[in-house]
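Single-structure report; data block below.
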Amino acid sequence: DVKVTQSSRYLVKRTGEKVFLECVQDMDHENMFWYRQDPGLGLRLIYFSYDVKMKEKGDIPEGYSVSREKKERFSLILESASTNQTSMYLCASSLLERTKNIQYFGAGTRLSVL
Amino acid sequence: AQSVTQLGSHVSVSEGALVLLRCNYSSSVPPYLFWYVQYPNQGLQLLLKYTSAATLVKGINGFEAEFKKSETSFHLTKPSAHMSDAAEYFCAVSGEDSSYKLIFGSGTRLLVRP
């Protein structure tokens, strides 16, 4: 089974802190994604990466950055956390090929910024 | 641009009743379509996918969906609801501009009454 592991289930941070959310997948997937989930808005793509050190902005990249130094690990960084970044964050991974484009999700990190 | 519309943010059914969750999409290319389920405090799990083979797709837990090109729909059904089906359901379409991205609907929360 594919496993996508997010390092924290719950995080509480203060405004202005630098926040790191970590995600690791164990299936050698090329693609990795970070989403934000808010009630009534579904999942919105923040960033994705299709290879090591490669990244592309998603729909809502403002206030976020990412890092992918190794194929299995994709980190989401909030440079200076703000209260409007309080949300559920979901990491996912998938193979590169479109016909096999099933995204596998981690359990999520619920971030509260106070 | 592609989009997914899920009609009804909440659907309530009695145990044993038919489940029908609606999804309409827009896409200028032949779409790949997905239904995911999210149980409380968990990540998303794939229920089923359509990738241009049979128009009636069977998934896990007794769910199925029918692709109707003329109606641009991909509604999810289950003949008989079980209490364990209570969850949030997301419809998604594969992105036009990239083979990797998914565009998600806003989700439908299914409530099952005893």
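Identifiers in the structure tokens: chain A, B, ... in order shown; residue index from 1 per chain; ligand index from 1 in order shown.
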Select, as a short mmCIF file (atom, residue, chain, number, x, y, z; two decimals) with all heavy atoms, in the first residue's frame, those residues of chain B with any atom no more than 9 Å from chain A (distances computed using only C-alpha atoms).
```
data_model
loop_
_atom_site.label_atom_id
_atom_site.label_comp_id
_atom_site.auth_asym_id
_atom_site.auth_seq_id
_atom_site.Cartn_x
_atom_site.Cartn_y
_atom_site.Cartn_z
N SER B 9 -24.18 20.84 -0.54
CA SER B 9 -23.05 20.70 0.37
C SER B 9 -23.33 19.63 1.42
O SER B 9 -22.40 19.07 2.00
CB SER B 9 -22.75 22.03 1.06
OG SER B 9 -23.89 22.47 1.78
N TYR B 32 -10.49 12.93 -17.21
CA TYR B 32 -10.40 11.85 -16.26
C TYR B 32 -11.11 12.34 -15.00
O TYR B 32 -10.87 13.46 -14.56
CB TYR B 32 -8.95 11.52 -15.92
CG TYR B 32 -8.18 10.80 -17.01
CD1 TYR B 32 -8.71 10.58 -18.27
CD2 TYR B 32 -6.90 10.33 -16.77
CE1 TYR B 32 -8.00 9.92 -19.25
CE2 TYR B 32 -6.18 9.67 -17.75
CZ TYR B 32 -6.73 9.47 -18.99
OH TYR B 32 -6.01 8.82 -19.96
N PHE B 34 -12.74 11.56 -10.97
CA PHE B 34 -12.47 10.81 -9.74
C PHE B 34 -13.52 11.16 -8.69
O PHE B 34 -14.03 12.29 -8.64
CB PHE B 34 -11.10 11.19 -9.18
CG PHE B 34 -9.95 11.01 -10.14
CD1 PHE B 34 -9.69 11.97 -11.10
CD2 PHE B 34 -9.13 9.90 -10.05
CE1 PHE B 34 -8.63 11.82 -11.98
CE2 PHE B 34 -8.07 9.74 -10.93
CZ PHE B 34 -7.82 10.70 -11.89
N ASN B 41 -11.36 13.23 10.32
CA ASN B 41 -9.97 13.28 10.77
C ASN B 41 -9.03 12.39 9.96
O ASN B 41 -8.02 11.89 10.50
CB ASN B 41 -9.87 12.91 12.25
CG ASN B 41 -10.63 13.89 13.12
OD1 ASN B 41 -10.54 15.09 12.93
ND2 ASN B 41 -11.41 13.37 14.04
N GLN B 42 -9.36 12.19 8.71
CA GLN B 42 -8.49 11.41 7.84
C GLN B 42 -8.24 12.15 6.53
O GLN B 42 -8.90 13.15 6.22
CB GLN B 42 -9.12 10.05 7.53
CG GLN B 42 -9.27 9.14 8.75
CD GLN B 42 -9.75 7.76 8.36
OE1 GLN B 42 -9.53 7.28 7.25
NE2 GLN B 42 -10.41 7.10 9.30
N GLY B 43 -7.29 11.66 5.78
CA GLY B 43 -7.05 12.18 4.44
C GLY B 43 -8.07 11.64 3.46
O GLY B 43 -9.02 10.96 3.84
N LEU B 44 -7.88 11.95 2.19
CA LEU B 44 -8.80 11.49 1.15
C LEU B 44 -8.39 10.12 0.65
O LEU B 44 -7.21 9.81 0.52
CB LEU B 44 -8.81 12.48 -0.02
CG LEU B 44 -9.72 13.69 0.11
CD1 LEU B 44 -9.24 14.64 1.19
CD2 LEU B 44 -9.83 14.40 -1.24
N GLN B 45 -9.42 9.33 0.34
CA GLN B 45 -9.20 7.97 -0.17
C GLN B 45 -9.96 7.82 -1.48
O GLN B 45 -11.11 8.24 -1.58
CB GLN B 45 -9.73 6.97 0.87
CG GLN B 45 -9.67 5.52 0.47
CD GLN B 45 -10.30 4.62 1.52
OE1 GLN B 45 -10.70 5.07 2.59
NE2 GLN B 45 -10.40 3.34 1.21
N LEU B 46 -9.32 7.23 -2.48
CA LEU B 46 -9.97 7.07 -3.77
C LEU B 46 -11.11 6.07 -3.69
O LEU B 46 -10.94 4.94 -3.22
CB LEU B 46 -8.96 6.60 -4.81
CG LEU B 46 -9.52 6.43 -6.22
CD1 LEU B 46 -9.80 7.79 -6.85
CD2 LEU B 46 -8.55 5.63 -7.09
N LYS B 49 -12.51 5.83 -10.26
CA LYS B 49 -12.03 6.77 -11.26
C LYS B 49 -12.55 6.38 -12.64
O LYS B 49 -12.79 5.19 -12.92
CB LYS B 49 -10.51 6.78 -11.29
CG LYS B 49 -9.89 5.46 -11.71
CD LYS B 49 -8.38 5.60 -11.90
CE LYS B 49 -7.80 4.27 -12.37
NZ LYS B 49 -6.38 4.38 -12.73
N THR B 51 -11.46 6.79 -16.65
CA THR B 51 -10.35 7.19 -17.51
C THR B 51 -10.62 6.78 -18.95
O THR B 51 -9.73 6.30 -19.64
CB THR B 51 -9.03 6.57 -17.03
OG1 THR B 51 -9.19 5.15 -16.97
CG2 THR B 51 -8.64 7.09 -15.67
N PHE B 90 -15.72 13.99 -2.40
CA PHE B 90 -15.20 14.99 -3.32
C PHE B 90 -15.12 14.42 -4.73
O PHE B 90 -14.58 13.32 -4.93
CB PHE B 90 -13.80 15.45 -2.91
CG PHE B 90 -13.76 16.22 -1.63
CD1 PHE B 90 -13.54 15.57 -0.42
CD2 PHE B 90 -13.94 17.59 -1.62
CE1 PHE B 90 -13.50 16.28 0.77
CE2 PHE B 90 -13.90 18.31 -0.44
CZ PHE B 90 -13.69 17.65 0.76
N SER B 94 -9.24 15.72 -13.81
CA SER B 94 -7.82 15.89 -14.10
C SER B 94 -7.60 17.12 -14.95
O SER B 94 -8.36 17.40 -15.87
CB SER B 94 -7.31 14.66 -14.84
OG SER B 94 -5.91 14.72 -14.97
N SER B 98 -2.00 20.18 -17.40
CA SER B 98 -0.96 19.32 -16.86
C SER B 98 -1.54 17.95 -16.62
O SER B 98 -2.70 17.82 -16.30
CB SER B 98 -0.42 19.90 -15.54
OG SER B 98 0.28 18.91 -14.81
N SER B 99 -0.75 16.96 -16.78
CA SER B 99 -1.26 15.62 -16.55
C SER B 99 -1.39 15.30 -15.07
O SER B 99 -1.97 14.29 -14.72
CB SER B 99 -0.34 14.61 -17.20
OG SER B 99 0.94 14.66 -16.60
N TYR B 100 -0.86 16.18 -14.22
CA TYR B 100 -0.78 15.79 -12.82
C TYR B 100 -1.89 16.37 -11.95
O TYR B 100 -2.30 15.76 -10.99
CB TYR B 100 0.54 16.24 -12.18
CG TYR B 100 1.69 16.47 -13.13
CD1 TYR B 100 2.32 17.69 -13.19
CD2 TYR B 100 2.15 15.45 -13.95
CE1 TYR B 100 3.38 17.90 -14.03
CE2 TYR B 100 3.21 15.66 -14.80
CZ TYR B 100 3.83 16.88 -14.85
OH TYR B 100 4.87 17.10 -15.68
N LYS B 101 -2.33 17.56 -12.27
CA LYS B 101 -3.18 18.26 -11.34
C LYS B 101 -4.60 17.71 -11.34
O LYS B 101 -5.10 17.21 -12.33
CB LYS B 101 -3.22 19.74 -11.67
CG LYS B 101 -1.93 20.48 -11.36
CD LYS B 101 -2.16 21.97 -11.41
CE LYS B 101 -1.55 22.57 -12.63
NZ LYS B 101 -1.64 24.06 -12.62
N LEU B 102 -5.25 17.82 -10.17
CA LEU B 102 -6.67 17.55 -10.04
C LEU B 102 -7.38 18.82 -9.60
O LEU B 102 -6.87 19.55 -8.76
CB LEU B 102 -6.93 16.45 -9.01
CG LEU B 102 -6.45 15.03 -9.35
CD1 LEU B 102 -6.79 14.08 -8.21
CD2 LEU B 102 -7.10 14.54 -10.63
N ILE B 103 -8.55 19.05 -10.19
CA ILE B 103 -9.40 20.16 -9.74
C ILE B 103 -10.56 19.54 -8.98
O ILE B 103 -11.30 18.70 -9.51
CB ILE B 103 -9.90 21.00 -10.90
CG1 ILE B 103 -8.74 21.76 -11.53
CG2 ILE B 103 -10.95 22.01 -10.46
CD1 ILE B 103 -8.15 21.14 -12.74
N PHE B 104 -10.70 19.94 -7.71
CA PHE B 104 -11.69 19.34 -6.83
C PHE B 104 -12.94 20.20 -6.73
O PHE B 104 -12.88 21.43 -6.79
CB PHE B 104 -11.11 19.18 -5.42
CG PHE B 104 -10.12 18.06 -5.29
CD1 PHE B 104 -8.78 18.26 -5.57
CD2 PHE B 104 -10.53 16.79 -4.88
CE1 PHE B 104 -7.86 17.23 -5.47
CE2 PHE B 104 -9.62 15.75 -4.77
CZ PHE B 104 -8.29 15.98 -5.06
N GLY B 105 -14.07 19.52 -6.55
CA GLY B 105 -15.29 20.21 -6.17
C GLY B 105 -15.24 20.60 -4.71
O GLY B 105 -14.30 20.25 -3.99
N SER B 106 -16.27 21.30 -4.26
CA SER B 106 -16.28 21.82 -2.90
C SER B 106 -16.70 20.78 -1.86
O SER B 106 -16.65 21.05 -0.67
CB SER B 106 -17.19 23.04 -2.80
OG SER B 106 -18.48 22.71 -3.25
N GLY B 107 -17.11 19.61 -2.32
CA GLY B 107 -17.41 18.53 -1.40
C GLY B 107 -18.88 18.45 -1.02
O GLY B 107 -19.60 19.45 -1.00
N THR B 108 -19.32 17.23 -0.73
CA THR B 108 -20.68 16.98 -0.23
C THR B 108 -20.57 16.10 1.01
O THR B 108 -19.98 15.02 0.96
CB THR B 108 -21.55 16.26 -1.27
OG1 THR B 108 -21.70 17.08 -2.42
CG2 THR B 108 -22.93 15.94 -0.68
#
```
Item to check | Residue list (strand (DSSP E or B), DSSP) for range 7-95 of chain A, as a PyMOL selection string | outcome: chain A and resi 10-13+19-25+31-38+42-51+54-57+64-70+73-78+87-94
Same residues, C-alpha atoms, saved as a PDB file, in the first residue's frame:
```
ATOM      1  CA  TYR A  10      -2.081  19.079  14.850  1.00  0.00           C
ATOM      2  CA  LEU A  11       0.046  22.201  15.121  1.00  0.00           C
ATOM      3  CA  VAL A  12      -0.474  25.435  17.010  1.00  0.00           C
ATOM      4  CA  LYS A  13       1.729  28.359  16.051  1.00  0.00           C
ATOM      5  CA  VAL A  19       6.272  26.942  10.088  1.00  0.00           C
ATOM      6  CA  PHE A  20       7.424  23.751   8.412  1.00  0.00           C
ATOM      7  CA  LEU A  21       5.001  21.016   7.362  1.00  0.00           C
ATOM      8  CA  GLU A  22       6.698  17.802   6.314  1.00  0.00           C
ATOM      9  CA  CYS A  23       5.431  15.050   4.036  1.00  0.00           C
ATOM     10  CA  VAL A  24       7.066  11.750   3.119  1.00  0.00           C
ATOM     11  CA  GLN A  25       5.873   9.130   0.623  1.00  0.00           C
ATOM     12  CA  ASN A  31       4.605  14.015  -8.197  1.00  0.00           C
ATOM     13  CA  MET A  32       3.899  15.517  -4.811  1.00  0.00           C
ATOM     14  CA  PHE A  33       1.288  18.098  -3.875  1.00  0.00           C
ATOM     15  CA  TRP A  34       0.285  20.394  -1.062  1.00  0.00           C
ATOM     16  CA  TYR A  35      -3.373  21.346  -0.683  1.00  0.00           C
ATOM     17  CA  ARG A  36      -5.271  23.495   1.700  1.00  0.00           C
ATOM     18  CA  GLN A  37      -8.769  22.376   2.762  1.00  0.00           C
ATOM     19  CA  ASP A  38     -11.329  24.843   4.083  1.00  0.00           C
ATOM     20  CA  GLY A  42     -12.930  21.935  -1.157  1.00  0.00           C
ATOM     21  CA  LEU A  43      -9.224  21.394  -1.773  1.00  0.00           C
ATOM     22  CA  ARG A  44      -7.131  24.153  -3.237  1.00  0.00           C
ATOM     23  CA  LEU A  45      -3.687  23.457  -4.652  1.00  0.00           C
ATOM     24  CA  ILE A  46      -0.875  25.459  -3.073  1.00  0.00           C
ATOM     25  CA  TYR A  47       2.198  23.998  -4.813  1.00  0.00           C
ATOM     26  CA  PHE A  48       3.187  20.838  -6.565  1.00  0.00           C
ATOM     27  CA  SER A  49       6.440  19.220  -7.571  1.00  0.00           C
ATOM     28  CA  TYR A  50       7.057  16.765 -10.405  1.00  0.00           C
ATOM     29  CA  ASP A  51      10.706  16.065  -9.639  1.00  0.00           C
ATOM     30  CA  MET A  54      11.277  21.200  -9.327  1.00  0.00           C
ATOM     31  CA  LYS A  55       8.171  23.029  -8.213  1.00  0.00           C
ATOM     32  CA  GLU A  56       5.231  24.856  -9.689  1.00  0.00           C
ATOM     33  CA  LYS A  57       2.760  27.226  -8.140  1.00  0.00           C
ATOM     34  CA  TYR A  64       3.832  29.729   1.103  1.00  0.00           C
ATOM     35  CA  SER A  65       7.004  28.164  -0.271  1.00  0.00           C
ATOM     36  CA  VAL A  66       8.075  24.560  -0.746  1.00  0.00           C
ATOM     37  CA  SER A  67      11.189  22.447  -0.779  1.00  0.00           C
ATOM     38  CA  ARG A  68      11.892  19.120  -2.422  1.00  0.00           C
ATOM     39  CA  GLU A  69      15.491  18.049  -1.847  1.00  0.00           C
ATOM     40  CA  LYS A  70      14.755  14.322  -2.005  1.00  0.00           C
ATOM     41  CA  ARG A  73      10.032  14.316   0.869  1.00  0.00           C
ATOM     42  CA  PHE A  74       8.085  17.502   0.155  1.00  0.00           C
ATOM     43  CA  SER A  75       7.995  20.319   2.662  1.00  0.00           C
ATOM     44  CA  LEU A  76       5.581  23.228   2.882  1.00  0.00           C
ATOM     45  CA  ILE A  77       6.929  26.391   4.493  1.00  0.00           C
ATOM     46  CA  LEU A  78       4.975  29.288   5.908  1.00  0.00           C
ATOM     47  CA  SER A  87      -6.544  25.490   7.975  1.00  0.00           C
ATOM     48  CA  MET A  88      -6.219  21.786   7.229  1.00  0.00           C
ATOM     49  CA  TYR A  89      -3.209  20.999   5.042  1.00  0.00           C
ATOM     50  CA  LEU A  90      -3.123  17.837   2.953  1.00  0.00           C
ATOM     51  CA  CYS A  91      -0.151  16.317   1.180  1.00  0.00           C
ATOM     52  CA  ALA A  92      -0.549  13.920  -1.746  1.00  0.00           C
ATOM     53  CA  SER A  93       1.619  12.016  -4.183  1.00  0.00           C
ATOM     54  CA  SER A  94       1.104  10.329  -7.550  1.00  0.00           C
TER      55      SER A  94
END
```
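Using only C-alpha atoms, the smallest distance between any of B:Cys91, B:Gly62, B:Gly8, B:Thr77 and Tyr50 in chain B comes from B:Cys91.
If only C-alpha atoms are the atoms counted, then among B:Leu47, B:Val29, B:Ala92, B:Val112 the closest residue to Phe74 in chain B is B:Ala92.
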Next on the checklist: So the first atom is CA of Arg113 in chain B and the second is CA of Cys23 in chain B; what is the distance between them in Å, to one decimal place?
Outcome noted: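 CA of Cys23 in chain B lies 22.6 Å from CA of Arg113 in chain B.
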Item to check | Counting only C-alpha atoms, the option among B:Val93, B:Leu76, B:Ala53, B:Leu7 closest to Ser27 in chain B | outcome: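 Once distances to Ser27 in chain B are computed over only C-alpha atoms, the minimum belongs to B:Val93.
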